[in-house]
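Report on one structure; see the data block that follows.
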Amino acid sequence: MKKLNPLIIFSILIFLTSCKFEKNNDPNTDVKFEKSELFGHWIRTDEMDELENSKDVIVRKFNIKEDSTAEIEILDSIGRKTVTGSWKIGEEQKIIGSLSFKSDFALTFWSNPNYMHMISFSVEKRNDKIILNSQGVIFEKE
């Protein structure tokens with residue numbers, strides 16, 4: 001039993017350090033938006049030159065359509081191509097089993113028949129423009 005106590009304490013510390021206890025008070029990240037404001041073409045704002053030789057699948061731009069579909073231009077090890085995907089707003093996304101997350105906007109597509117991508121975005125406002133942010137990668141509406 002004495003050997004379990006350090007393990008339990010260590011587990012609790014790991015759990016507590018992985019949790020966020022502070023609320024994000026940035027006014028740019030809690031944006032009210034209409035679904036129709038997201039329809040249209042979105043383009044990545046950072047420099048793509050350094051990503052040209054990446055082995056990862058990189059989303060360059062996408063077109064959000066009213067029928068919950070999207071055309072996504074990706075860059076992968078083969079080159080540029082356009083794939084079809086889908087999108088959802090503010091719904092809980094199930095990943096595997098009971099693992100889920102909620103995002104402002106989620107884009108889902110298949111880069112090849114064996115690999116599905118799901119990108120979660122927060123809808124933010126910068127300089128009075130709505131932007132989509134996914135882990136620091138920013139997309140602006142064209």
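For the structure tokens, the naming scheme is as follows: chains receive sequential letters (A, B, ...) according to their order of presentation, residues are indexed from 1 within each chain, and ligands are indexed from 1 in presentation order.
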- Leaving out Gly40 in chain A and any residue of its chain fewer than 3 positions from it, which residues lie within 10 Å of it when counting only C-alpha atoms, given as a VMD selection string? chain A and resid 36 to 37 62 to 66 70 141 to 142
Same residues, N, CA and C atoms, saved as a compact mmCIF listing (two decimals), in the first residue's frame:
# COMPACT_ATOMS: atom_id res chain seq x y z
N SER A 36 -23.54 32.19 -41.84
CA SER A 36 -23.35 32.72 -43.19
C SER A 36 -22.04 33.52 -43.32
N GLU A 37 -21.50 34.02 -42.21
CA GLU A 37 -20.25 34.78 -42.26
C GLU A 37 -19.06 33.89 -42.60
N PHE A 62 -9.35 26.94 -48.35
CA PHE A 62 -10.57 26.15 -48.47
C PHE A 62 -11.75 27.04 -48.76
N ASN A 63 -12.78 26.43 -49.34
CA ASN A 63 -14.01 27.12 -49.69
C ASN A 63 -15.15 26.46 -48.92
N ILE A 64 -15.80 27.22 -48.05
CA ILE A 64 -16.91 26.72 -47.25
C ILE A 64 -18.20 26.98 -48.01
N LYS A 65 -18.97 25.91 -48.20
CA LYS A 65 -20.23 26.03 -48.94
C LYS A 65 -21.42 25.87 -48.00
N GLU A 66 -22.56 26.37 -48.42
CA GLU A 66 -23.77 26.35 -47.60
C GLU A 66 -24.29 24.95 -47.30
N ALA A 70 -17.05 21.34 -48.27
CA ALA A 70 -15.93 22.26 -48.45
C ALA A 70 -14.99 21.71 -49.50
N LYS A 141 -10.58 35.36 -44.61
CA LYS A 141 -11.50 35.27 -45.72
C LYS A 141 -11.01 36.14 -46.87
N GLU A 142 -11.05 35.58 -48.09
CA GLU A 142 -10.63 36.35 -49.27
C GLU A 142 -11.71 37.33 -49.67
Expressed in Å, the length from CA of Met118 in chain A to CA of Val57 in chain A is 11.6 Å
- Task: Between A:Thr84, A:Asp46, A:Val31, A:Arg126, single out the one closest to Ile138 in chain A, counting only C-alpha atoms.
- Result: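 Among A:Thr84, A:Asp46, A:Val31, A:Arg126, it is A:Asp46 that comes nearest to Ile138 in chain A.
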